[in-house]
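**Q** Just target_29.csv, nothing more (CSV, C-alpha atoms):
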chain,number,residue,atom,x,y,z
H,1,MET,CA,128.5,89.8,89.4
H,2,LYS,CA,129.9,92.2,92.1
H,3,CYS,CA,128.3,94.8,94.2
H,4,VAL,CA,129.2,98.2,92.8
H,5,VAL,CA,129.7,99.5,96.4
H,6,CYS,CA,131.8,96.8,98.1
H,7,ARG,CA,132.6,94.3,95.4
H,8,GLY,CA,130.9,91.6,97.4
H,9,ARG,CA,128.6,89.0,95.7
H,10,ALA,CA,125.6,90.7,94.1
H,11,VAL,CA,122.1,89.5,94.8
H,12,ALA,CA,120.4,92.2,92.7
H,13,ARG,CA,121.2,93.6,89.3
H,14,LEU,CA,119.5,96.9,88.4
H,15,PRO,CA,120.2,97.5,84.7
H,16,ALA,CA,118.2,100.8,84.8
H,17,LYS,CA,120.7,102.2,87.3
H,18,ASN,CA,123.7,100.4,85.8
H,19,ALA,CA,124.3,98.8,89.2
H,20,ALA,CA,124.4,95.6,91.1
H,21,PHE,CA,124.2,95.3,94.9
H,22,CYS,CA,124.9,92.8,97.7
H,23,ARG,CA,122.2,92.3,100.2
H,24,ASP,CA,123.2,95.1,102.6
H,25,HIS,CA,123.8,97.7,99.9
H,26,PHE,CA,120.6,96.8,98.1
H,27,LEU,CA,118.6,97.3,101.2
H,28,ALA,CA,120.4,100.6,101.8
H,29,HIS,CA,119.6,101.6,98.2
H,30,VAL,CA,115.9,100.9,98.7
H,31,GLU,CA,115.8,102.8,102.0
H,32,ARG,CA,117.6,105.7,100.5
H,33,THR,CA,115.3,105.8,97.4
H,34,VAL,CA,112.1,105.7,99.5
H,35,SER,CA,113.2,108.2,102.2
H,36,GLU,CA,114.4,110.6,99.5
H,37,THR,CA,111.1,110.3,97.7
H,38,ILE,CA,109.2,111.1,100.9
H,39,ARG,CA,111.6,114.0,101.7
H,40,ARG,CA,111.7,115.6,98.3
H,41,ARG,CA,108.0,115.4,97.7
H,42,ARG,CA,107.1,116.3,101.3
H,43,MET,CA,104.9,113.2,101.6
H,44,ILE,CA,104.9,112.8,105.3
H,45,GLY,CA,105.4,115.6,107.8
H,46,LYS,CA,107.3,115.3,111.1
H,47,GLY,CA,105.0,113.5,113.6
H,48,GLU,CA,102.2,113.0,111.1
H,49,ARG,CA,100.2,109.8,111.5
H,50,VAL,CA,100.2,107.7,108.4
H,51,LEU,CA,97.5,105.2,107.5
H,52,VAL,CA,99.1,102.5,105.4
H,53,ALA,CA,96.7,100.6,103.3
H,54,VAL,CA,97.9,97.0,103.3
H,55,SER,CA,96.6,94.3,101.0
H,56,GLY,CA,98.9,91.5,102.2
H,57,GLY,CA,100.9,91.8,99.0
H,58,LYS,CA,104.6,92.6,98.7
H,59,ASP,CA,104.3,96.3,97.9
H,60,SER,CA,102.1,97.4,100.8
H,61,LEU,CA,103.8,95.2,103.4
H,62,SER,CA,107.2,96.4,102.2
H,63,LEU,CA,106.0,100.0,102.4
H,64,ALA,CA,104.7,99.5,106.0
H,65,ASP,CA,108.0,97.9,106.9
H,66,LEU,CA,110.0,100.8,105.5
H,67,LEU,CA,107.8,103.5,107.1
H,68,VAL,CA,108.2,101.8,110.5
H,69,ARG,CA,112.0,101.6,110.0
H,70,PHE,CA,112.0,105.4,109.3
H,71,GLY,CA,110.2,106.0,112.6
H,72,HIS,CA,106.9,107.2,111.3
H,73,ASP,CA,103.6,106.9,113.3
H,74,VAL,CA,102.1,104.0,111.3
H,75,ARG,CA,98.6,102.6,111.5
H,76,LEU,CA,97.6,99.8,109.2
H,77,LEU,CA,94.3,99.4,107.3
H,78,HIS,CA,93.4,96.2,105.7
H,79,LEU,CA,90.3,95.9,103.5
H,80,HIS,CA,88.9,92.4,103.3
H,81,LEU,CA,87.4,92.5,99.8
H,82,GLY,CA,85.2,89.4,100.0
H,83,ILE,CA,87.0,87.6,97.2
H,84,GLY,CA,87.3,83.8,97.0
H,85,GLY,CA,85.1,82.6,99.8
H,86,PRO,CA,86.3,80.9,103.0
H,87,GLY,CA,90.0,80.2,102.8
H,88,GLY,CA,90.2,82.0,99.5
H,89,TYR,CA,92.2,85.0,98.3
H,90,ALA,CA,90.7,87.6,100.7
H,91,ASP,CA,91.1,85.3,103.7
H,92,LEU,CA,94.7,84.5,102.8
H,93,SER,CA,95.5,88.1,102.3
H,94,ARG,CA,94.1,89.0,105.7
H,95,GLY,CA,96.2,86.2,107.3
H,96,PHE,CA,99.4,87.7,106.0
H,97,VAL,CA,98.4,91.2,107.2
H,98,GLU,CA,97.5,90.0,110.7
H,99,ARG,CA,100.8,88.1,111.1
H,100,PHE,CA,102.8,91.1,109.8
H,101,ALA,CA,101.0,93.4,112.2
H,102,GLU,CA,101.3,91.1,115.2
H,103,ALA,CA,105.0,90.5,114.6
H,104,ARG,CA,105.6,94.3,114.7
H,105,GLY,CA,103.1,95.2,117.3
H,106,LEU,CA,101.4,97.6,114.8
H,107,PRO,CA,97.7,98.7,115.2
H,108,CYS,CA,95.7,97.3,112.4
H,109,ARG,CA,92.2,98.1,111.5
H,110,ILE,CA,90.3,95.5,109.3
H,111,VAL,CA,87.3,96.5,107.4
H,112,ALA,CA,85.4,93.6,105.8
H,113,PHE,CA,83.3,94.7,102.8
H,114,GLU,CA,80.8,91.9,103.5
H,115,GLU,CA,80.1,93.3,106.9
H,116,ALA,CA,80.6,97.0,106.2
H,117,GLU,CA,78.7,97.1,102.9
H,118,GLY,CA,76.7,93.9,103.0
H,119,TRP,CA,78.5,92.6,99.9
H,120,GLY,CA,82.1,91.9,98.7
H,121,ILE,CA,83.7,92.1,95.3
H,122,ASP,CA,82.7,88.5,94.4
H,123,GLU,CA,79.1,89.7,94.8
H,124,VAL,CA,79.7,92.7,92.6
H,125,VAL,CA,81.0,90.4,89.9
H,126,ARG,CA,78.1,88.0,90.3
H,127,ARG,CA,75.5,90.8,90.0
H,128,LYS,CA,77.5,92.5,87.2
H,129,ALA,CA,76.9,95.8,89.0
H,130,GLY,CA,80.2,97.2,87.8
H,131,ARG,CA,81.6,97.2,84.2
H,132,ALA,CA,84.8,95.7,85.5
H,133,PRO,CA,85.4,94.5,89.1
H,134,CYS,CA,88.7,96.4,89.3
H,135,SER,CA,86.9,99.7,88.8
H,136,ALA,CA,84.2,99.1,91.5
H,137,CYS,CA,86.9,97.6,93.8
H,138,GLY,CA,89.1,100.6,93.5
H,139,ARG,CA,86.3,103.0,94.1
H,140,MET,CA,85.3,101.2,97.3
H,141,LYS,CA,88.9,100.9,98.5
H,142,ARG,CA,89.4,104.7,98.0
H,143,TYR,CA,86.2,105.5,99.9
H,144,TRP,CA,87.3,103.3,102.9
H,145,MET,CA,90.9,104.4,102.9
H,146,ASN,CA,89.8,108.0,103.2
H,147,ARG,CA,87.1,107.3,105.8
H,148,ALA,CA,89.5,105.2,107.9
H,149,ALA,CA,92.1,108.0,107.7
H,150,LEU,CA,89.6,110.6,109.0
H,151,GLU,CA,88.4,108.3,111.8
H,152,GLU,CA,92.0,107.3,112.8
H,153,GLY,CA,93.2,110.8,112.9
H,154,ALA,CA,95.7,110.2,110.1
H,155,ARG,CA,96.4,113.1,107.8
H,156,VAL,CA,98.1,110.9,105.2
H,157,VAL,CA,97.2,107.7,103.5
H,158,ALA,CA,100.1,105.8,101.9
H,159,THR,CA,99.7,103.1,99.3
H,160,GLY,CA,102.2,100.7,97.9
H,161,HIS,CA,102.0,101.8,94.2
H,162,ASN,CA,105.4,101.1,92.6
H,163,LEU,CA,107.0,102.4,89.4
H,164,ASP,CA,105.6,99.6,87.3
H,165,ASP,CA,102.1,100.5,88.5
H,166,GLU,CA,102.5,104.2,87.9
H,167,ALA,CA,104.1,103.7,84.4
H,168,ALA,CA,101.3,101.3,83.4
H,169,THR,CA,98.6,103.7,84.6
H,170,LEU,CA,100.3,106.5,82.8
H,171,LEU,CA,100.5,104.5,79.6
H,172,GLY,CA,96.9,103.6,79.8
H,173,ASN,CA,95.9,107.2,80.3
H,174,VAL,CA,98.1,108.3,77.4
H,175,LEU,CA,96.6,105.7,75.1
H,176,ARG,CA,93.2,107.2,75.7
H,177,TRP,CA,94.4,110.8,76.1
H,178,ASP,CA,92.5,110.9,79.4
H,179,VAL,CA,93.5,114.4,80.2
H,180,GLU,CA,91.5,114.5,83.5
H,181,SER,CA,93.4,111.5,84.8
H,182,LEU,CA,96.7,112.8,83.5
H,183,GLY,CA,96.1,116.0,85.3
H,184,ARG,CA,95.6,114.1,88.6
H,185,GLN,CA,98.2,111.4,88.3
H,186,GLY,CA,101.2,111.6,90.5
H,187,PRO,CA,102.9,110.4,93.7
H,188,LEU,CA,101.1,112.9,95.9
H,189,LEU,CA,97.5,114.1,96.0
H,190,PRO,CA,97.2,117.0,98.4
H,191,GLU,CA,94.7,117.0,101.2
H,192,THR,CA,91.5,118.9,100.5
H,193,GLU,CA,88.3,119.3,102.4
H,194,GLY,CA,87.2,115.9,103.5
H,195,PHE,CA,90.2,114.1,101.9
H,196,ALA,CA,93.4,113.0,103.5
H,197,ARG,CA,96.7,113.5,101.6
H,198,ARG,CA,97.4,110.4,99.5
H,199,VAL,CA,101.0,109.4,98.8
H,200,LYS,CA,102.9,106.7,97.0
H,201,PRO,CA,106.4,106.5,98.5
H,202,LEU,CA,107.4,103.4,96.5
H,203,CYS,CA,106.7,105.2,93.1
H,204,LEU,CA,110.4,105.2,92.0
H,205,LEU,CA,111.0,101.5,92.8
H,206,THR,CA,110.3,98.9,90.2
H,207,GLU,CA,108.1,96.0,91.1
H,208,LYS,CA,111.2,93.7,90.9
H,209,GLU,CA,113.1,95.9,93.4
H,210,VAL,CA,110.1,95.7,95.8
H,211,ALA,CA,109.9,91.9,95.4
H,212,LEU,CA,113.7,91.7,96.2
H,213,TYR,CA,113.2,93.9,99.2
H,214,ALA,CA,110.4,91.7,100.6
H,215,ILE,CA,112.4,88.5,99.9
H,216,LEU,CA,115.6,89.9,101.5
H,217,ARG,CA,113.7,91.2,104.6
H,218,GLY,CA,111.9,87.9,105.0
H,219,ILE,CA,108.5,89.6,104.7
H,220,ALA,CA,105.9,86.9,104.0
H,221,TYR,CA,103.2,88.1,101.5
H,222,VAL,CA,100.4,86.7,99.4
H,223,ARG,CA,101.7,85.6,96.1
H,224,ASP,CA,98.5,84.5,94.5
H,225,GLU,CA,97.0,86.9,92.0
H,226,CYS,CA,93.5,88.3,92.6
H,227,PRO,CA,91.2,85.9,90.8
H,228,HIS,CA,89.5,88.8,89.0
H,229,ALA,CA,92.7,90.2,87.7
H,230,ALA,CA,93.3,87.5,85.0
H,231,GLY,CA,93.6,89.3,81.6
H,232,ALA,CA,93.4,92.7,83.2
H,233,ARG,CA,94.6,95.5,81.0
H,234,SER,CA,97.1,96.9,83.4
H,235,LEU,CA,99.0,93.5,83.5
H,236,PHE,CA,99.3,93.6,79.7
H,237,LEU,CA,100.5,97.2,79.8
H,238,LYS,CA,103.2,96.2,82.4
H,239,GLU,CA,104.4,93.4,80.1
H,240,ILE,CA,104.7,95.8,77.2
H,241,LEU,CA,106.6,98.3,79.3
H,242,ASN,CA,108.9,95.5,80.5
H,243,ARG,CA,109.7,94.5,76.9
H,244,LEU,CA,110.6,98.2,76.3
H,245,GLU,CA,112.6,98.2,79.5
H,246,GLU,CA,114.6,95.1,78.5
H,247,ARG,CA,115.5,96.7,75.2
H,248,SER,CA,116.3,100.1,76.8
H,249,PRO,CA,116.9,100.0,80.6
H,250,GLY,CA,115.6,103.1,82.3
H,251,THR,CA,112.5,103.5,80.0
H,252,LYS,CA,109.9,103.1,82.8
H,253,SER,CA,111.7,105.6,85.1
H,254,ALA,CA,112.2,108.2,82.3
H,255,PHE,CA,108.6,107.8,81.1
H,256,TYR,CA,107.2,108.4,84.6
H,257,GLN,CA,109.7,111.0,86.0
H,258,GLU,CA,109.8,113.1,82.9
H,259,PHE,CA,106.0,113.0,82.7
H,260,LEU,CA,105.9,114.4,86.2
H,261,ARG,CA,108.6,117.0,85.5
H,262,ARG,CA,107.6,118.2,82.0
H,263,ALA,CA,104.1,117.1,81.0
H,264,ALA,CA,102.0,116.9,84.2
H,265,PRO,CA,102.0,120.6,84.7
H,266,ARG,CA,100.5,121.1,81.3
H,267,PHE,CA,97.6,118.8,82.1
H,268,SER,CA,96.4,120.1,85.4
H,269,THR,CA,95.2,123.5,86.5
H,270,GLU,CA,93.6,124.3,89.8
H,271,ALA,CA,90.8,126.0,87.9
H,272,ASP,CA,89.8,122.9,86.1
H,273,ARG,CA,88.8,121.1,89.3
H,274,PRO,CA,85.1,121.2,90.0
H,275,ASP,CA,83.9,122.1,93.5
H,276,LEU,CA,83.5,119.4,96.1
H,277,ARG,CA,80.4,119.1,98.2
H,278,PRO,CA,79.1,116.4,100.6
H,279,CYS,CA,77.4,113.4,99.1
H,280,ASP,CA,73.6,113.5,99.8
H,281,ARG,CA,73.7,109.9,101.1
H,282,CYS,CA,76.9,109.4,103.1
H,283,GLY,CA,78.4,112.9,103.4
H,284,ALA,CA,81.8,112.0,101.8
H,285,MET,CA,83.1,114.8,99.6
H,286,THR,CA,82.3,114.4,96.0
H,287,THR,CA,82.0,116.4,92.8
H,288,SER,CA,78.5,114.9,92.1
H,289,VAL,CA,75.3,114.9,94.1
H,290,ILE,CA,75.8,111.2,95.0
H,291,CYS,CA,79.4,110.0,95.4
H,292,ALA,CA,80.8,107.1,93.3
H,293,ALA,CA,80.7,104.7,96.3
H,294,CYS,CA,77.0,105.4,96.9
H,295,ARG,CA,76.2,105.0,93.2
H,296,LEU,CA,77.7,101.6,93.4
H,297,ARG,CA,75.8,100.8,96.6
H,298,ASP,CA,72.6,101.9,94.8
H,299,ARG,CA,73.3,99.5,91.9
H,300,MET,CA,74.1,96.7,94.3
H,301,ALA,CA,70.8,97.3,96.2
H,302,THR,CA,68.7,97.1,93.1
H,303,ARG,CA,70.1,93.9,91.5
X,1,MET,CA,117.0,70.9,88.4
X,2,ARG,CA,113.6,71.5,90.0
X,3,VAL,CA,112.0,74.8,89.2
X,4,PHE,CA,108.9,76.1,91.0
X,5,LEU,CA,106.9,78.8,89.3
X,6,ASN,CA,103.6,80.0,90.7
X,7,GLY,CA,103.4,76.9,92.8
X,8,LYS,CA,103.8,74.6,89.8
X,9,GLU,CA,106.9,72.4,89.5
X,10,THR,CA,108.8,71.9,86.2
X,11,THR,CA,112.2,70.5,85.4
X,12,VAL,CA,115.0,72.2,83.5
X,13,GLU,CA,118.0,70.2,82.2
X,14,GLY,CA,121.6,70.9,82.3
X,15,VAL,CA,123.9,73.5,83.7
X,16,ARG,CA,122.9,77.0,82.7
X,17,THR,CA,122.9,80.6,83.8
X,18,VAL,CA,119.9,81.9,85.6
X,19,GLY,CA,119.3,84.2,82.6
X,20,ALA,CA,119.3,81.2,80.3
X,21,VAL,CA,116.7,79.4,82.5
X,22,LEU,CA,114.4,82.4,82.4
X,23,ALA,CA,114.8,82.6,78.6
X,24,ALA,CA,114.1,78.9,78.3
X,25,LEU,CA,110.9,79.3,80.3
X,26,GLY,CA,109.9,82.4,78.3
X,27,LEU,CA,110.0,84.6,81.4
X,28,SER,CA,111.0,88.3,81.5
X,29,PRO,CA,114.0,89.0,83.8
X,30,GLU,CA,112.4,92.4,84.6
X,31,ALA,CA,109.3,90.6,86.0
X,32,HIS,CA,110.9,87.7,87.9
X,33,VAL,CA,113.2,87.0,90.8
X,34,VAL,CA,115.0,83.7,90.9
X,35,VAL,CA,115.7,82.4,94.4
X,36,ARG,CA,117.8,79.4,95.5
X,37,ASP,CA,117.9,78.5,99.2
X,38,GLY,CA,116.4,81.9,100.1
X,39,GLU,CA,119.0,83.8,98.2
X,40,PRO,CA,118.1,85.9,95.1
X,41,LEU,CA,120.4,85.0,92.1
X,42,THR,CA,121.6,87.5,89.5
X,43,GLU,CA,121.3,86.4,85.9
X,44,ASP,CA,124.9,85.5,85.5
X,45,ARG,CA,124.9,82.8,88.3
X,46,SER,CA,125.2,79.2,87.3
X,47,VAL,CA,122.6,76.7,88.2
X,48,GLY,CA,122.4,72.9,87.5
X,49,PRO,CA,121.3,69.4,88.6
X,50,GLY,CA,120.6,69.2,92.3
X,51,ASP,CA,119.4,72.9,92.5
X,52,THR,CA,115.9,73.8,93.5
X,53,LEU,CA,114.8,77.2,92.2
X,54,ASP,CA,111.8,79.3,93.2
X,55,ILE,CA,110.9,81.8,90.6
X,56,VAL,CA,109.0,84.6,92.1
X,57,ARG,CA,106.8,86.6,89.7
X,58,ALA,CA,107.1,90.2,90.7
X,59,ILE,CA,104.3,91.7,88.5
X,60,SER,CA,100.9,91.9,90.0
X,61,GLY,CA,97.7,93.9,90.0
X,62,GLY,CA,94.5,94.4,88.0
X,63,ARG,CA,93.5,98.0,87.8
X,64,PRO,CA,91.9,99.5,84.7
What's the structure tokens form of this structure?

**A**
Amino acid sequence: MKCVVCRGRAVARLPAKNAAFCRDHFLAHVERTVSETIRRRRMIGKGERVLVAVSGGKDSLSLADLLVRFGHDVRLLHLHLGIGGPGGYADLSRGFVERFAEARGLPCRIVAFEEAEGWGIDEVVRRKAGRAPCSACGRMKRYWMNRAALEEGARVVATGHNLDDEAATLLGNVLRWDVESLGRQGPLLPETEGFARRVKPLCLLTEKEVALYAILRGIAYVRDECPHAAGARSLFLKEILNRLEERSPGTKSAFYQEFLRRAAPRFSTEADRPDLRPCDRCGAMTTSVICAACRLRDRMATR
Amino acid sequence: MRVFLNGKETTVEGVRTVGAVLAALGLSPEAHVVVRDGEPLTEDRSVGPGDTLDIVRAISGGRP
């Protein structure tokens, strides 16, 4: 198979784009796709500090690598989730982040849930304080990403969500007709009082493209799956979407991009958003009296 | 040839295309990258005895 640009040997075939690329032209394709996404959607302004939330996985480390290449003011944030005990999943993940940061001389803040909250996600599971660990985990990650952004003077938080992530989330929301989530889902959440802007620069790259990028750039990342993710619904939805994609290349991209263009505006109106006010406990902005993170903290304290 | 998938080693016989190896193992091409000696291989490439393949699973995550 030959690179469509230079006819050299291809290392990546992208059926959705009817293309194949050699190493150099694949890397150029990825850089172009991400920089265009950032530009078109005004994700990061000139000189704006970006807090990149890095898990140690291929998506977030590839994202950080790309933003540094583009010359952005990047700070890393790693959340040690307290999963897997000594030498386990969370420790391994942190190791990859630390080595990545050190190799590039990037400032990296590490927040360990066990220290910051007194408990990690393994403890949440043990005490069954959340219906599913993924939900509790996501809520605490979002709290800390926003708090760290405010503390580090970053106006933007960037996460490594890719096209497969976004399409699976979209499919899950559609299957339940969760109109509130459909009204909020997208590659950019604007900053509001107490909340940094949240962006997903990798949203048009498939998970496979990101994996290829990490491999070709020699970025070492944690390949283990989170032990709590086994059987998680989003993985199943991704498999379904990949079957559709194999039958009809371009399905995931059309599903997501056409949703954003044509359907998203119908689901969200500014008027629908309830007012934000400070949480009675921690001061973080919330639509309720007590924010979701504090509600989880309350549950953890009473079990 | 030796094939590593998620840290586990299996063996696949014969000379085949990468696409055929994935199919034989029941793996989706959309979700996996096949690497030999650090180089990603497209599905048309031929692999056989003496090769060591690392099959990288691209799909991850566990959000509701």

**Q** Between atom CA of Leu188 of chain H and atom CA of Arg109 of chain H, what distance in Å does the model show, to one decimal?

**A**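 Spanning atom CA of Leu188 of chain H to atom CA of Arg109 of chain H is a straight-line distance of 23.3 Å.
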
**Q** With only C-alpha atoms counted and 10 Å as the cut-off, give the residues of chain X in contact with chain H, each with its shortest interatomic distance in Å and the pair that gives it, as JSON lines.

**A**
{"residue": "X:Asn6", "atom": "CA", "partner": "H:Asp224", "partner_atom": "CA", "distance": 7.8}
{"residue": "X:Gly7", "atom": "CA", "partner": "H:Asp224", "partner_atom": "CA", "distance": 9.2}
{"residue": "X:Ser28", "atom": "CA", "partner": "H:Asn242", "partner_atom": "CA", "distance": 7.6}
{"residue": "X:Pro29", "atom": "CA", "partner": "H:Glu246", "partner_atom": "CA", "distance": 8.1}
{"residue": "X:Glu30", "atom": "CA", "partner": "H:Asn242", "partner_atom": "CA", "distance": 6.2}
{"residue": "X:Ala31", "atom": "CA", "partner": "H:Lys208", "partner_atom": "CA", "distance": 6.1}
{"residue": "X:His32", "atom": "CA", "partner": "H:Lys208", "partner_atom": "CA", "distance": 6.7}
{"residue": "X:Val33", "atom": "CA", "partner": "H:Lys208", "partner_atom": "CA", "distance": 7.0}
{"residue": "X:Val34", "atom": "CA", "partner": "H:Leu212", "partner_atom": "CA", "distance": 9.7}
{"residue": "X:Val35", "atom": "CA", "partner": "H:Ile215", "partner_atom": "CA", "distance": 8.9}
{"residue": "X:Gly38", "atom": "CA", "partner": "H:Ile215", "partner_atom": "CA", "distance": 7.7}
{"residue": "X:Glu39", "atom": "CA", "partner": "H:Val11", "partner_atom": "CA", "distance": 7.3}
{"residue": "X:Pro40", "atom": "CA", "partner": "H:Val11", "partner_atom": "CA", "distance": 5.4}
{"residue": "X:Leu41", "atom": "CA", "partner": "H:Val11", "partner_atom": "CA", "distance": 5.5}
{"residue": "X:Thr42", "atom": "CA", "partner": "H:Val11", "partner_atom": "CA", "distance": 5.7}
{"residue": "X:Glu43", "atom": "CA", "partner": "H:Arg13", "partner_atom": "CA", "distance": 8.0}
{"residue": "X:Asp44", "atom": "CA", "partner": "H:Met1", "partner_atom": "CA", "distance": 6.8}
{"residue": "X:Arg45", "atom": "CA", "partner": "H:Met1", "partner_atom": "CA", "distance": 7.9}
{"residue": "X:Val56", "atom": "CA", "partner": "H:Ala211", "partner_atom": "CA", "distance": 8.1}
{"residue": "X:Arg57", "atom": "CA", "partner": "H:Arg223", "partner_atom": "CA", "distance": 8.2}
{"residue": "X:Ala58", "atom": "CA", "partner": "H:Lys208", "partner_atom": "CA", "distance": 5.4}
{"residue": "X:Ile59", "atom": "CA", "partner": "H:Glu207", "partner_atom": "CA", "distance": 6.3}
{"residue": "X:Ser60", "atom": "CA", "partner": "H:Glu225", "partner_atom": "CA", "distance": 6.6}
{"residue": "X:Gly61", "atom": "CA", "partner": "H:Ala229", "partner_atom": "CA", "distance": 6.6}
{"residue": "X:Gly62", "atom": "CA", "partner": "H:Ala229", "partner_atom": "CA", "distance": 4.6}
{"residue": "X:Arg63", "atom": "CA", "partner": "H:Cys134", "partner_atom": "CA", "distance": 5.3}
{"residue": "X:Pro64", "atom": "CA", "partner": "H:Ser234", "partner_atom": "CA", "distance": 6.0}

**Q** Could you save those same residues with C-alpha atoms as an mmCIF file, keeping the file's coordinate frame?

**A**
data_model
loop_
_atom_site.group_PDB
_atom_site.id
_atom_site.type_symbol
_atom_site.label_atom_id
_atom_site.label_comp_id
_atom_site.auth_asym_id
_atom_site.auth_seq_id
_atom_site.Cartn_x
_atom_site.Cartn_y
_atom_site.Cartn_z
ATOM 1 C CA ASN X 6 103.600 80.000 90.700
ATOM 2 C CA GLY X 7 103.400 76.900 92.800
ATOM 3 C CA SER X 28 111.000 88.300 81.500
ATOM 4 C CA PRO X 29 114.000 89.000 83.800
ATOM 5 C CA GLU X 30 112.400 92.400 84.600
ATOM 6 C CA ALA X 31 109.300 90.600 86.000
ATOM 7 C CA HIS X 32 110.900 87.700 87.900
ATOM 8 C CA VAL X 33 113.200 87.000 90.800
ATOM 9 C CA VAL X 34 115.000 83.700 90.900
ATOM 10 C CA VAL X 35 115.700 82.400 94.400
ATOM 11 C CA GLY X 38 116.400 81.900 100.100
ATOM 12 C CA GLU X 39 119.000 83.800 98.200
ATOM 13 C CA PRO X 40 118.100 85.900 95.100
ATOM 14 C CA LEU X 41 120.400 85.000 92.100
ATOM 15 C CA THR X 42 121.600 87.500 89.500
ATOM 16 C CA GLU X 43 121.300 86.400 85.900
ATOM 17 C CA ASP X 44 124.900 85.500 85.500
ATOM 18 C CA ARG X 45 124.900 82.800 88.300
ATOM 19 C CA VAL X 56 109.000 84.600 92.100
ATOM 20 C CA ARG X 57 106.800 86.600 89.700
ATOM 21 C CA ALA X 58 107.100 90.200 90.700
ATOM 22 C CA ILE X 59 104.300 91.700 88.500
ATOM 23 C CA SER X 60 100.900 91.900 90.000
ATOM 24 C CA GLY X 61 97.700 93.900 90.000
ATOM 25 C CA GLY X 62 94.500 94.400 88.000
ATOM 26 C CA ARG X 63 93.500 98.000 87.800
ATOM 27 C CA PRO X 64 91.900 99.500 84.700
#

**Q** Hey, which of H:Leu163, H:Leu170, H:Val30, H:Val52 ends up closest to Leu204 of chain H? Count only C-alpha atoms.

**A**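 Looking at the shortest contact to Leu204 of chain H, the residue is H:Leu163.
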
**Q** Pick out the residues sitting within 6 Å of Val157 of chain H, and hand them over as a VMD selection string; count only C-alpha atoms, and ignore anything fewer than 2 positions along from it in its own chain.

**A** chain H and resid 50 to 52 198

**Q** Restricting the output to C-alpha atoms, write the selected residues as a PDB file, keeping the file's coordinate frame.

**A**
ATOM      1  CA  VAL H  50     100.200 107.700 108.400  1.00  0.00           C
ATOM      2  CA  LEU H  51      97.500 105.200 107.500  1.00  0.00           C
ATOM      3  CA  VAL H  52      99.100 102.500 105.400  1.00  0.00           C
ATOM      4  CA  ARG H 198      97.400 110.400  99.500  1.00  0.00           C
TER       5      ARG H 198
END

**Q** One decimal, Å: what's the distance from atom CA of Pro265 of chain H over to atom CA of Val174 of chain H, could you say?

**A**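 Atom CA of Val174 of chain H lies at a distance of 14.8 Å from atom CA of Pro265 of chain H.
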
**Q** With only C-alpha atoms as the atoms that count, which of H:His80, H:Arg266, H:Arg155, H:Arg99 lies nearest to Ile121 of chain H?

**A**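 Result for the nearest residue to Ile121 of chain H: H:His80.
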
**Q** Looking at X:Ala20, X:Met1, X:Leu27, X:Val15, which one is nearest to Leu53 of chain X, with distances taken over all atoms listed in the file?

**A**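 Ranking X:Ala20, X:Met1, X:Leu27, X:Val15 by distance to Leu53 of chain X, first place goes to X:Met1.
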
**Q** I'd like the interatomic distance between atom CA of Pro190 of chain H and atom CA of Val156 of chain H, to a tenth of an Å.

**A**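 Distance reported for this atom pair: 9.2 Å.
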
**Q** Any idea what's packed within 12 Å of Gly48 of chain X, counting all atoms listed in the file, ignoring anything in its chain fewer than 2 positions away? Could you give it as a list in words?

**A**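 Close residues of Gly48 of chain X: Met1, Arg2, Val3, Thr11, Val12, Glu13, Gly14, Val15, Arg16, Thr17, Val18, Ala20, Val21, Arg36, Arg45, Ser46, Gly50, Asp51, Thr52 and Leu53 of chain X.
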
**Q** Which residues, protein or nucleic acid, reach to within 6 Å of (109.1, 109.8, 97.1) in the file's coordinates when using only C-alpha atoms, and can you give that as an mmCIF file with C-alpha atoms, keeping the file's coordinate frame?

**A**
data_model
loop_
_atom_site.group_PDB
_atom_site.id
_atom_site.type_symbol
_atom_site.label_atom_id
_atom_site.label_comp_id
_atom_site.auth_asym_id
_atom_site.auth_seq_id
_atom_site.Cartn_x
_atom_site.Cartn_y
_atom_site.Cartn_z
ATOM 1 C CA VAL H 34 112.100 105.700 99.500
ATOM 2 C CA GLU H 36 114.400 110.600 99.500
ATOM 3 C CA THR H 37 111.100 110.300 97.700
ATOM 4 C CA ILE H 38 109.200 111.100 100.900
ATOM 5 C CA ARG H 41 108.000 115.400 97.700
ATOM 6 C CA PRO H 201 106.400 106.500 98.500
#

**Q** Return the single residue from H:Leu81, H:Leu244, H:Ala214, H:Ala154 that is closest to Ser93 of chain H, with distances computed using only C-alpha atoms.

**A**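 Of H:Leu81, H:Leu244, H:Ala214, H:Ala154, the one nearest Ser93 of chain H is H:Leu81, counting only C-alpha atoms.
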
**Q** Which residues come within 8 Å of Met145 of chain H, counting all atoms listed in the file, excluding same-chain residues fewer than 3 positions away, as a compact mmCIF listing (two decimals) with C-alpha atoms, keeping the file's coordinate frame?

**A**
# COMPACT_ATOMS: atom_id res chain seq x y z
CA ALA H 53 96.70 100.60 103.30
CA LEU H 77 94.30 99.40 107.30
CA LYS H 141 88.90 100.90 98.50
CA ARG H 142 89.40 104.70 98.00
CA ALA H 148 89.50 105.20 107.90
CA ALA H 149 92.10 108.00 107.70
CA VAL H 157 97.20 107.70 103.50
